Amino acid sequence: MTPDVHRTIEALWRIESASIIATVTRMVGDVGIAEDLVQEAFMAAIERWSQSGLPAKPGAWLMTAAKNRAIDQLRRNKLLDEKHQELAAQLQTEQAVATTEAAAAFAGQMDGTIEDDLLRLIFMACHPVLSTEAQTALTLRLVGGLSTQEIAHAFLAPEATIAQRIVRAKRTLAAANVPFELPPTSQLSPRLSAVLRVIYLIFNEGYAASTGEDWMRPSLCEEALRLGRILAELVPQESEVHGLVALMELQASRLRARVGPTGEPILLMEQDRTRWDYLLVQRGLARLERAARLGAAFGQYAIQAAIAACHARAQQPEETDWQQIAALYDALAQLLPSPVVELNRAVAVAMAFGPAAGLELVEELMEEQSLANYHLLPSVRGDLLAKLGRLPEARAEFERAARLTQNQREQQMLLVRAAECGNSFEDH
Amino acid sequence: MRCMLIMKATSASEAGVMPGPEIFAAMDEFNGTMIKAGVMLGGEGLHPSSAGARVKFGSGKPVVVDGPFAETKELLAGYWILQVKSLEEAIEWASRCPGHDASEEFEIEVRRIYDLADFPQEVIDAVPNERAALLAQQQAAGNNTP
């Protein structure tokens with residue numbers, strides 16, 4: 001029994017479409033047109049292979065078929081342009097210029113490899129003229145090879161909304177004349193950050209939803225990991241890319257341990273570590289070493305990966321190297337000053353050097369406006385106060401945290417902790 | 001999903017014949033392609049079965065039988081672990097393994113790896129784990145701290 005041609009084509013789309021779209025985009029200059037041409041080539045393949053069976057190298061066949069369609073398109077445009085010129089010789093349209101340039105690029109100066117084209121495509125999909133939402137949808141669509149339906153499903157959005165978003169994104173790129181090229185060296189760092197941000201957003205969309213029953217959302221984690229791994233091989237000298245992949249691998253290694261039987265989230269320190277995915281742990285640790293070997297100072301993702309690695313290395317929660325984690329949060333806070341990072345640092349300091357040291361840092365955050373309604377602040381403070389035996393104050397903090405949290409289970413847990421601090425009668 | 005591509009043995013692999021530089025390079029390129037595509041999570045080659053053993057169960061105490069083993073084509077020579085979206089994707093990758101001009105027939109078996117989600121919840125819950133043990137301990141100690 002041979003595999004169904006449609007399912008094989010689907011698999012080939014996933015494996016090949018990004019590279020082929022990238023190659024064709026370089027030829028025709030417009031990513032929307034390129035995607036249409038590549039889709040046509042895949043449709044033609046279904047028709048032909050249903051009758052004659054698969055060729056020996058289906059990927060190469062598809063690439064050639066798509067390139068041929070691109071050449072036809074360029075020829076048609078050129079003919080059209082010539083007619084235009086006959087009709088209105090004075091009108092030198094931008095289209096014609098673009099076409100000529102694309103044709104010239106095609107006619108010999110094929111300066112890039114498929115890898116370069118793929119990288120150009122990634123940068124284009126994450127171009128700053130696009131909104132974050134558009135970048136995310138376009139990246140999943142063009143680089144990840146996901147269908148509009150799959151993206152809509154993953155983001156719990158109507159299919160029409162996502163379709164609209166993708167169409168508009170392509171129009172925006174065309175209208176802004178975004179060139180199909182690698183960013184200039186001066187722009188490389190911020191542009192790469194934008195790409196990493198989009199990939200991590202996709203990952204978090206899946207990670208945050210992994211308690212849900214919908215299979216598609218957790219699989220966004222796998223999609224983000226794949227995108228990250230592809231990018232890491234395209235720019236292997238960039239330590240932050242390895243940092244991000246390491247971070248995602250280490251976080252994903254805990255996916256199956258972070259949800260209890262009834263769907264309740266299980267906090268890191270309470271997870272059954274035997275359920276972690278040690279293949280991903282090993283990969284994440286190895287990837288972090290790779291980032292370290294590049295010698296550059298760690299960026300935000302690599303630092304977060306290093307923190308995740310401290311947890312991953314501890315087979316028992318009590319083996320956790322909290323001093324190291326506190327130092328890493330210190331580095332992260334300097335790089336990415338944020339009250340939430342400071343709060344995490346305070347927790348790590350408390351674990352490493354005792355509750356009093358942690359409380360001191362927490363007190364500094366009490367005036368922080370952005371944390372005014374953040375339930376973890378009173379929750380952490382309550383925990384530290386309780387450890388210091390200041391039970392009435394701890395109780396008040398747990399109660400405050402319980403009022404602030406949106407999560408019912410967490411609220412119950414906080415009220416239990418408040419009750420454990422003794423009742424008000426004993427307090428007074 | 002994860003799939004395992006299982007490379008079956010040949011008389012050459014069982015004889016411990018190392019692949020020549022050409023095959024080695026082709027395999028290296030094949031692995032590289034899968035790494036660049038972000039799908040390969042791991043993979044190794046295996047020594048011949050003469051350097052291995054079998055541990056047989058089902059008749060009381062496990063019985064150890066040293067290699068080599070006879071049925072060459074059923075033996076394993078190596079494996080890859082891939083993160084893919086479908087079995088077809090894994091099959092497509094397997095089809096790209098170099099060896100079209102191999103002097104000896106060989107095959108790659110493509111299998112799905114079980115995921116925790118494949119097991120019924122009651123089976124998972126029946127397995128005692130550290131967390132359950134910890135909770136039980138705490139309850140026994142009359143301590144409700146989560």
# chains A, B, ... in the order shown; residues from 1 in each chain; ligands from 1
>>> interface_residues(of="chain A", to="chain B", cutoff="6 Å", atoms="only C-alpha atoms", output="list in words")
Thr8, Ala11, Arg226, Arg229, Ile230, Glu233 and Asp272 of chain A
>>> write_last_selection(atoms="N, CA and C atoms", output="short mmCIF file (atom, residue, chain, number, x, y, z; two decimals), in the first residue's frame")
data_model
loop_
_atom_site.label_atom_id
_atom_site.label_comp_id
_atom_site.auth_asym_id
_atom_site.auth_seq_id
_atom_site.Cartn_x
_atom_site.Cartn_y
_atom_site.Cartn_z
N THR A 8 1.07 12.84 1.49
CA THR A 8 2.48 13.01 1.15
C THR A 8 2.74 14.45 0.72
N ALA A 11 2.95 16.59 3.69
CA ALA A 11 4.26 16.44 4.34
C ALA A 11 5.32 17.21 3.57
N ARG A 226 10.72 24.17 16.09
CA ARG A 226 11.23 23.87 14.75
C ARG A 226 11.75 25.14 14.09
N ARG A 229 15.04 26.07 15.67
CA ARG A 229 16.14 25.20 15.24
C ARG A 229 16.58 25.52 13.82
N ILE A 230 15.58 25.80 12.96
CA ILE A 230 15.92 26.17 11.57
C ILE A 230 16.76 27.44 11.59
N GLU A 233 20.39 27.09 12.69
CA GLU A 233 21.31 26.55 11.70
C GLU A 233 21.62 27.56 10.61
N ASP A 272 6.61 16.39 39.28
CA ASP A 272 7.25 15.08 39.32
C ASP A 272 8.34 15.10 38.25
#
>>> residues_around(residues="segment 407-413 of chain A", least_positions_apart="3", cutoff="9 Å", atoms="only C-alpha atoms", output="mmCIF file with C-alpha atoms, in the first residue's frame")
data_model
loop_
_atom_site.group_PDB
_atom_site.id
_atom_site.type_symbol
_atom_site.label_atom_id
_atom_site.label_comp_id
_atom_site.auth_asym_id
_atom_site.auth_seq_id
_atom_site.Cartn_x
_atom_site.Cartn_y
_atom_site.Cartn_z
ATOM 1 C CA GLU A 264 -4.637 21.924 37.304
ATOM 2 C CA PRO A 265 -1.284 23.597 36.770
ATOM 3 C CA GLU A 399 -5.603 37.240 51.657
ATOM 4 C CA ALA A 401 -3.122 37.874 46.895
ATOM 5 C CA ALA A 402 -6.251 35.707 46.939
ATOM 6 C CA ARG A 403 -8.376 38.756 46.140
ATOM 7 C CA LEU A 404 -6.112 39.708 43.230
ATOM 8 C CA VAL A 416 -5.487 27.783 52.739
ATOM 9 C CA ARG A 417 -2.116 29.379 53.339
ATOM 10 C CA ALA A 418 -3.783 32.394 54.938
ATOM 11 C CA THR B 145 1.115 23.132 52.883
ATOM 12 C CA PRO B 146 1.048 22.566 49.133
#
>>> atom_distance(atom1="atom CA of Ala308 of chain A", atom2="atom CA of Gly295 of chain A")
19.7 Å
>>> residues_around(residues="segment 174-188 of chain A", least_positions_apart="6", cutoff="8 Å", atoms="only C-alpha atoms", output="PyMOL selection string")
chain A and resi 25-26+29-30+119-121+123-124+129
>>> write_last_selection(atoms="C-alpha atoms", output="CSV table (one decimal), in the first residue's frame")
chain,number,residue,atom,x,y,z
A,25,THR,CA,10.2,35.3,-3.9
A,26,ARG,CA,13.8,36.2,-4.9
A,29,GLY,CA,10.1,40.0,-5.9
A,30,ASP,CA,6.7,39.6,-4.3
A,119,LEU,CA,16.8,33.6,6.0
A,120,ARG,CA,15.6,36.6,3.8
A,121,LEU,CA,12.1,35.1,3.9
A,123,PHE,CA,13.4,38.5,8.0
A,124,MET,CA,10.7,39.6,5.6
A,129,VAL,CA,6.5,47.5,9.0
>>> closest_residue(among="A:Arg75, A:Arg141, A:Arg283, A:His6", to="Ala163 of chain A", atoms="only C-alpha atoms")
A:Arg141
>>> atom_distance(atom1="atom CA of Arg395 of chain A", atom2="atom CA of His375 of chain A")
14.0 Å
>>> atom_distance(atom1="atom CA of Ile303 of chain A", atom2="atom CA of Glu223 of chain A")
22.4 Å
>>> residues_around(residues="Val340 of chain A", least_positions_apart="6", cutoff="10 Å", atoms="only C-alpha atoms", output="CSV table (one decimal) with N, CA and C atoms, in the first residue's frame")
chain,number,residue,atom,x,y,z
A,333,ALA,N,18.2,41.3,35.3
A,333,ALA,CA,17.6,42.5,35.7
A,333,ALA,C,18.4,43.7,35.2
A,346,ALA,N,14.1,38.3,43.8
A,346,ALA,CA,13.9,38.3,45.2
A,346,ALA,C,13.6,36.9,45.7
A,365,LEU,N,9.9,46.7,46.2
A,365,LEU,CA,8.9,46.6,45.1
A,365,LEU,C,7.5,47.1,45.5
A,370,SER,N,3.3,49.3,38.7
A,370,SER,CA,2.9,48.3,37.8
A,370,SER,C,2.6,47.0,38.4
A,371,LEU,N,3.1,46.8,39.7
A,371,LEU,CA,2.8,45.6,40.4
A,371,LEU,C,1.6,45.7,41.4
A,374,TYR,N,-0.7,42.9,41.0
A,374,TYR,CA,0.0,41.7,40.6
A,374,TYR,C,-0.1,40.7,41.8
A,376,LEU,N,1.2,38.0,42.5
A,376,LEU,CA,2.4,37.3,43.0
A,376,LEU,C,3.2,38.1,44.0
A,377,LEU,N,3.0,39.4,43.9
A,377,LEU,CA,3.8,40.2,44.9
A,377,LEU,C,3.4,39.9,46.3
>>> select_by_dssp(residues="segment 234-266 of chain A", states="helix (DSSP H, G or I)", output="list in words")
Leu234, Ser239, Glu240, Val241, His242, Gly243, Leu244, Val245, Ala246, Leu247, Met248, Glu249, Leu250, Gln251, Ala252, Leu255, Arg256 and Ala257 of chain A
>>> select_by_dssp(residues="chain B", states="strand (DSSP E or B)", output="NGL selection string")
:B and (2-8 or 40-45 or 53-56 or 63-66 or 76-83 or 108-112)
>>> write_last_selection(atoms="N, CA and C atoms", output="tab-separated table (two decimals), in the first residue's frame")
chain	number	residue	atom	x	y	z
B	2	ARG	N	6.42	12.26	17.62
B	2	ARG	CA	7.79	11.79	17.38
B	2	ARG	C	7.74	10.46	16.66
B	3	CYS	N	8.66	10.29	15.75
B	3	CYS	CA	8.77	9.01	15.07
B	3	CYS	C	10.20	8.53	15.18
B	4	MET	N	10.34	7.22	15.12
B	4	MET	CA	11.67	6.63	15.08
B	4	MET	C	11.88	6.02	13.71
B	5	LEU	N	12.97	6.38	13.08
B	5	LEU	CA	13.36	5.70	11.86
B	5	LEU	C	14.36	4.64	12.29
B	6	ILE	N	14.03	3.40	12.01
B	6	ILE	CA	14.89	2.30	12.46
B	6	ILE	C	15.60	1.70	11.26
B	7	MET	N	16.89	1.87	11.24
B	7	MET	CA	17.71	1.32	10.16
B	7	MET	C	17.98	-0.14	10.47
B	8	LYS	N	17.56	-1.02	9.56
B	8	LYS	CA	17.78	-2.45	9.77
B	8	LYS	C	19.20	-2.82	9.33
B	40	MET	N	15.30	16.73	13.42
B	40	MET	CA	16.03	15.61	14.02
B	40	MET	C	16.37	15.89	15.48
B	41	LEU	N	15.87	15.03	16.38
B	41	LEU	CA	16.13	15.20	17.80
B	41	LEU	C	17.30	14.35	18.26
B	42	GLY	N	17.55	13.28	17.54
B	42	GLY	CA	18.65	12.41	17.95
B	42	GLY	C	18.80	11.25	17.00
B	43	GLY	N	19.82	10.47	17.22
B	43	GLY	CA	20.05	9.32	16.38
B	43	GLY	C	21.44	8.78	16.61
B	44	GLU	N	21.58	7.47	16.48
B	44	GLU	CA	22.89	6.84	16.69
B	44	GLU	C	22.98	5.61	15.79
B	45	GLY	N	24.21	5.20	15.57
B	45	GLY	CA	24.44	3.93	14.89
B	45	GLY	C	24.82	2.87	15.91
B	53	ALA	N	23.93	-8.35	23.25
B	53	ALA	CA	23.32	-9.49	23.93
B	53	ALA	C	21.82	-9.33	23.95
B	54	ARG	N	21.12	-10.41	24.24
B	54	ARG	CA	19.67	-10.35	24.44
B	54	ARG	C	19.35	-10.83	25.84
B	55	VAL	N	18.40	-10.19	26.44
B	55	VAL	CA	17.91	-10.63	27.74
B	55	VAL	C	16.49	-11.12	27.53
B	56	LYS	N	16.29	-12.44	27.69
B	56	LYS	CA	14.99	-13.06	27.35
B	56	LYS	C	14.13	-13.23	28.59
B	63	VAL	N	16.88	-14.66	30.96
B	63	VAL	CA	18.01	-15.43	30.44
B	63	VAL	C	18.81	-14.55	29.48
B	64	VAL	N	20.13	-14.52	29.69
B	64	VAL	CA	20.97	-13.70	28.82
B	64	VAL	C	21.55	-14.56	27.70
B	65	VAL	N	21.37	-14.07	26.46
B	65	VAL	CA	21.95	-14.75	25.30
B	65	VAL	C	22.89	-13.78	24.60
B	66	ASP	N	24.15	-14.18	24.45
B	66	ASP	CA	25.10	-13.29	23.79
B	66	ASP	C	24.90	-13.30	22.27
B	76	LEU	N	18.78	-4.52	14.23
B	76	LEU	CA	18.87	-3.07	14.10
B	76	LEU	C	20.31	-2.64	13.87
B	77	ALA	N	20.46	-1.58	13.09
B	77	ALA	CA	21.81	-1.06	12.85
B	77	ALA	C	21.93	0.40	13.28
B	78	GLY	N	20.79	1.03	13.52
B	78	GLY	CA	20.84	2.43	13.93
B	78	GLY	C	19.45	3.01	13.96
B	79	TYR	N	19.34	4.24	14.46
B	79	TYR	CA	18.02	4.86	14.54
B	79	TYR	C	18.13	6.39	14.51
B	80	TRP	N	17.02	7.00	14.14
B	80	TRP	CA	16.89	8.45	14.27
B	80	TRP	C	15.60	8.72	15.04
B	81	ILE	N	15.57	9.80	15.80
B	81	ILE	CA	14.31	10.24	16.40
B	81	ILE	C	13.96	11.60	15.78
B	82	LEU	N	12.78	11.65	15.19
B	82	LEU	CA	12.35	12.87	14.51
B	82	LEU	C	11.11	13.45	15.17
B	83	GLN	N	11.06	14.78	15.19
B	83	GLN	CA	9.84	15.48	15.63
B	83	GLN	C	9.13	15.91	14.36
B	108	ILE	N	14.41	0.77	6.14
B	108	ILE	CA	14.22	1.62	7.30
B	108	ILE	C	12.77	1.47	7.73
B	109	GLU	N	12.59	1.12	8.97
B	109	GLU	CA	11.23	1.00	9.49
B	109	GLU	C	10.86	2.34	10.13
B	110	VAL	N	9.66	2.81	9.88
B	110	VAL	CA	9.19	4.08	10.43
B	110	VAL	C	8.10	3.80	11.45
B	111	ARG	N	8.35	4.21	12.69
B	111	ARG	CA	7.38	3.91	13.75
B	111	ARG	C	7.07	5.16	14.56
B	112	ARG	N	5.85	5.23	15.04
B	112	ARG	CA	5.47	6.34	15.94
B	112	ARG	C	5.92	6.04	17.35
>>> closest_residue(among="A:Gln135, A:Val38, A:Asp72, A:Arg197", to="Arg165 of chain A", atoms="only C-alpha atoms")
A:Gln135
>>> decode(residues="segment 175-293 of chain A", atoms="C-alpha atoms", output="PDB file, in the first residue's frame")
ATOM      1  CA  ALA A 175       3.259  48.685  -0.569  1.00  0.00           C
ATOM      2  CA  ALA A 176       6.311  49.450   1.542  1.00  0.00           C
ATOM      3  CA  ASN A 177       8.546  47.980  -1.160  1.00  0.00           C
ATOM      4  CA  VAL A 178      10.240  45.822   1.437  1.00  0.00           C
ATOM      5  CA  PRO A 179      13.206  44.350  -0.387  1.00  0.00           C
ATOM      6  CA  PHE A 180      13.943  40.643  -0.292  1.00  0.00           C
ATOM      7  CA  GLU A 181      17.312  40.934   1.332  1.00  0.00           C
ATOM      8  CA  LEU A 182      19.210  40.405   4.536  1.00  0.00           C
ATOM      9  CA  PRO A 183      19.179  43.393   6.865  1.00  0.00           C
ATOM     10  CA  PRO A 184      22.286  45.580   6.676  1.00  0.00           C
ATOM     11  CA  THR A 185      24.844  44.818   9.371  1.00  0.00           C
ATOM     12  CA  SER A 186      23.839  47.883  11.386  1.00  0.00           C
ATOM     13  CA  GLN A 187      20.269  46.609  11.515  1.00  0.00           C
ATOM     14  CA  LEU A 188      20.994  42.937  12.010  1.00  0.00           C
ATOM     15  CA  SER A 189      20.791  42.877  15.782  1.00  0.00           C
ATOM     16  CA  PRO A 190      17.387  44.573  16.205  1.00  0.00           C
ATOM     17  CA  ARG A 191      15.962  42.686  13.231  1.00  0.00           C
ATOM     18  CA  LEU A 192      17.130  39.377  14.641  1.00  0.00           C
ATOM     19  CA  SER A 193      15.632  40.312  18.016  1.00  0.00           C
ATOM     20  CA  ALA A 194      12.302  40.855  16.290  1.00  0.00           C
ATOM     21  CA  VAL A 195      12.478  37.375  14.748  1.00  0.00           C
ATOM     22  CA  LEU A 196      13.374  35.791  18.099  1.00  0.00           C
ATOM     23  CA  ARG A 197      10.521  37.654  19.734  1.00  0.00           C
ATOM     24  CA  VAL A 198       8.018  36.320  17.194  1.00  0.00           C
ATOM     25  CA  ILE A 199       9.260  32.751  17.660  1.00  0.00           C
ATOM     26  CA  TYR A 200       9.072  33.026  21.449  1.00  0.00           C
ATOM     27  CA  LEU A 201       5.580  34.529  21.209  1.00  0.00           C
ATOM     28  CA  ILE A 202       4.476  31.513  19.180  1.00  0.00           C
ATOM     29  CA  PHE A 203       6.054  29.235  21.764  1.00  0.00           C
ATOM     30  CA  ASN A 204       4.350  30.985  24.668  1.00  0.00           C
ATOM     31  CA  GLU A 205       1.004  30.938  22.924  1.00  0.00           C
ATOM     32  CA  GLY A 206       1.321  27.159  22.921  1.00  0.00           C
ATOM     33  CA  TYR A 207       2.927  26.903  26.352  1.00  0.00           C
ATOM     34  CA  ALA A 208       0.307  29.016  28.097  1.00  0.00           C
ATOM     35  CA  ALA A 209      -2.419  26.923  26.500  1.00  0.00           C
ATOM     36  CA  SER A 210      -0.895  23.546  27.211  1.00  0.00           C
ATOM     37  CA  THR A 211      -3.386  22.961  30.013  1.00  0.00           C
ATOM     38  CA  GLY A 212      -6.180  23.079  27.454  1.00  0.00           C
ATOM     39  CA  GLU A 213      -7.514  20.090  25.610  1.00  0.00           C
ATOM     40  CA  ASP A 214      -6.960  21.525  22.185  1.00  0.00           C
ATOM     41  CA  TRP A 215      -4.121  19.630  20.523  1.00  0.00           C
ATOM     42  CA  MET A 216      -3.264  22.456  18.156  1.00  0.00           C
ATOM     43  CA  ARG A 217      -2.223  24.981  20.746  1.00  0.00           C
ATOM     44  CA  PRO A 218       0.436  22.918  22.515  1.00  0.00           C
ATOM     45  CA  SER A 219       1.731  21.912  19.099  1.00  0.00           C
ATOM     46  CA  LEU A 220       2.584  25.579  18.618  1.00  0.00           C
ATOM     47  CA  CYS A 221       5.450  24.865  21.015  1.00  0.00           C
ATOM     48  CA  GLU A 222       6.765  22.260  18.598  1.00  0.00           C
ATOM     49  CA  GLU A 223       6.281  24.673  15.722  1.00  0.00           C
ATOM     50  CA  ALA A 224       8.228  27.403  17.519  1.00  0.00           C
ATOM     51  CA  LEU A 225      10.960  24.909  18.374  1.00  0.00           C
ATOM     52  CA  ARG A 226      11.228  23.869  14.752  1.00  0.00           C
ATOM     53  CA  LEU A 227      11.415  27.502  13.606  1.00  0.00           C
ATOM     54  CA  GLY A 228      14.043  28.204  16.247  1.00  0.00           C
ATOM     55  CA  ARG A 229      16.140  25.201  15.242  1.00  0.00           C
ATOM     56  CA  ILE A 230      15.920  26.166  11.574  1.00  0.00           C
ATOM     57  CA  LEU A 231      17.002  29.719  12.409  1.00  0.00           C
ATOM     58  CA  ALA A 232      19.841  28.477  14.624  1.00  0.00           C
ATOM     59  CA  GLU A 233      21.313  26.545  11.698  1.00  0.00           C
ATOM     60  CA  LEU A 234      20.936  29.567   9.420  1.00  0.00           C
ATOM     61  CA  VAL A 235      22.766  31.939  11.790  1.00  0.00           C
ATOM     62  CA  PRO A 236      24.836  29.516  13.903  1.00  0.00           C
ATOM     63  CA  GLN A 237      27.159  32.306  15.066  1.00  0.00           C
ATOM     64  CA  GLU A 238      24.363  34.123  16.940  1.00  0.00           C
ATOM     65  CA  SER A 239      24.431  32.960  20.553  1.00  0.00           C
ATOM     66  CA  GLU A 240      21.005  34.423  21.381  1.00  0.00           C
ATOM     67  CA  VAL A 241      19.343  32.167  18.813  1.00  0.00           C
ATOM     68  CA  HIS A 242      20.844  29.126  20.538  1.00  0.00           C
ATOM     69  CA  GLY A 243      19.837  30.710  23.836  1.00  0.00           C
ATOM     70  CA  LEU A 244      16.235  30.937  22.709  1.00  0.00           C
ATOM     71  CA  VAL A 245      16.185  27.361  21.401  1.00  0.00           C
ATOM     72  CA  ALA A 246      17.740  26.138  24.657  1.00  0.00           C
ATOM     73  CA  LEU A 247      15.151  28.076  26.659  1.00  0.00           C
ATOM     74  CA  MET A 248      12.277  26.631  24.629  1.00  0.00           C
ATOM     75  CA  GLU A 249      13.663  23.097  24.808  1.00  0.00           C
ATOM     76  CA  LEU A 250      14.117  23.292  28.570  1.00  0.00           C
ATOM     77  CA  GLN A 251      10.661  24.749  29.081  1.00  0.00           C
ATOM     78  CA  ALA A 252       9.079  22.238  26.714  1.00  0.00           C
ATOM     79  CA  SER A 253      10.803  19.404  28.601  1.00  0.00           C
ATOM     80  CA  ARG A 254       8.417  20.138  31.475  1.00  0.00           C
ATOM     81  CA  LEU A 255       5.243  20.277  29.391  1.00  0.00           C
ATOM     82  CA  ARG A 256       3.938  16.896  30.459  1.00  0.00           C
ATOM     83  CA  ALA A 257       4.750  17.439  34.144  1.00  0.00           C
ATOM     84  CA  ARG A 258       3.111  20.800  34.534  1.00  0.00           C
ATOM     85  CA  VAL A 259      -0.519  19.681  34.441  1.00  0.00           C
ATOM     86  CA  GLY A 260      -2.225  17.477  37.015  1.00  0.00           C
ATOM     87  CA  PRO A 261      -4.882  14.816  36.409  1.00  0.00           C
ATOM     88  CA  THR A 262      -7.742  17.302  36.522  1.00  0.00           C
ATOM     89  CA  GLY A 263      -5.962  19.885  34.397  1.00  0.00           C
ATOM     90  CA  GLU A 264      -4.637  21.924  37.304  1.00  0.00           C
ATOM     91  CA  PRO A 265      -1.284  23.597  36.770  1.00  0.00           C
ATOM     92  CA  ILE A 266       1.586  22.155  38.810  1.00  0.00           C
ATOM     93  CA  LEU A 267       4.294  24.592  39.827  1.00  0.00           C
ATOM     94  CA  LEU A 268       7.908  23.886  38.929  1.00  0.00           C
ATOM     95  CA  MET A 269       9.018  23.013  42.450  1.00  0.00           C
ATOM     96  CA  GLU A 270       6.144  20.566  42.863  1.00  0.00           C
ATOM     97  CA  GLN A 271       6.485  18.769  39.538  1.00  0.00           C
ATOM     98  CA  ASP A 272       7.254  15.080  39.317  1.00  0.00           C
ATOM     99  CA  ARG A 273      10.673  15.420  37.727  1.00  0.00           C
ATOM    100  CA  THR A 274      10.634  11.841  36.486  1.00  0.00           C
ATOM    101  CA  ARG A 275       8.018  13.021  33.991  1.00  0.00           C
ATOM    102  CA  TRP A 276      10.252  15.613  32.416  1.00  0.00           C
ATOM    103  CA  ASP A 277      11.304  14.910  28.868  1.00  0.00           C
ATOM    104  CA  TYR A 278      15.000  14.155  29.311  1.00  0.00           C
ATOM    105  CA  LEU A 279      15.703  14.078  25.581  1.00  0.00           C
ATOM    106  CA  LEU A 280      14.691  17.730  25.491  1.00  0.00           C
ATOM    107  CA  VAL A 281      16.548  18.476  28.739  1.00  0.00           C
ATOM    108  CA  GLN A 282      19.757  17.076  27.258  1.00  0.00           C
ATOM    109  CA  ARG A 283      19.228  18.942  24.019  1.00  0.00           C
ATOM    110  CA  GLY A 284      18.514  22.181  25.870  1.00  0.00           C
ATOM    111  CA  LEU A 285      21.625  21.853  28.035  1.00  0.00           C
ATOM    112  CA  ALA A 286      23.773  21.008  25.001  1.00  0.00           C
ATOM    113  CA  ARG A 287      22.301  23.932  23.097  1.00  0.00           C
ATOM    114  CA  LEU A 288      23.072  26.287  25.982  1.00  0.00           C
ATOM    115  CA  GLU A 289      26.676  25.063  25.972  1.00  0.00           C
ATOM    116  CA  ARG A 290      26.793  25.807  22.277  1.00  0.00           C
ATOM    117  CA  ALA A 291      25.633  29.356  23.006  1.00  0.00           C
ATOM    118  CA  ALA A 292      28.290  29.653  25.714  1.00  0.00           C
ATOM    119  CA  ARG A 293      31.044  28.388  23.415  1.00  0.00           C
TER     120      ARG A 293
END
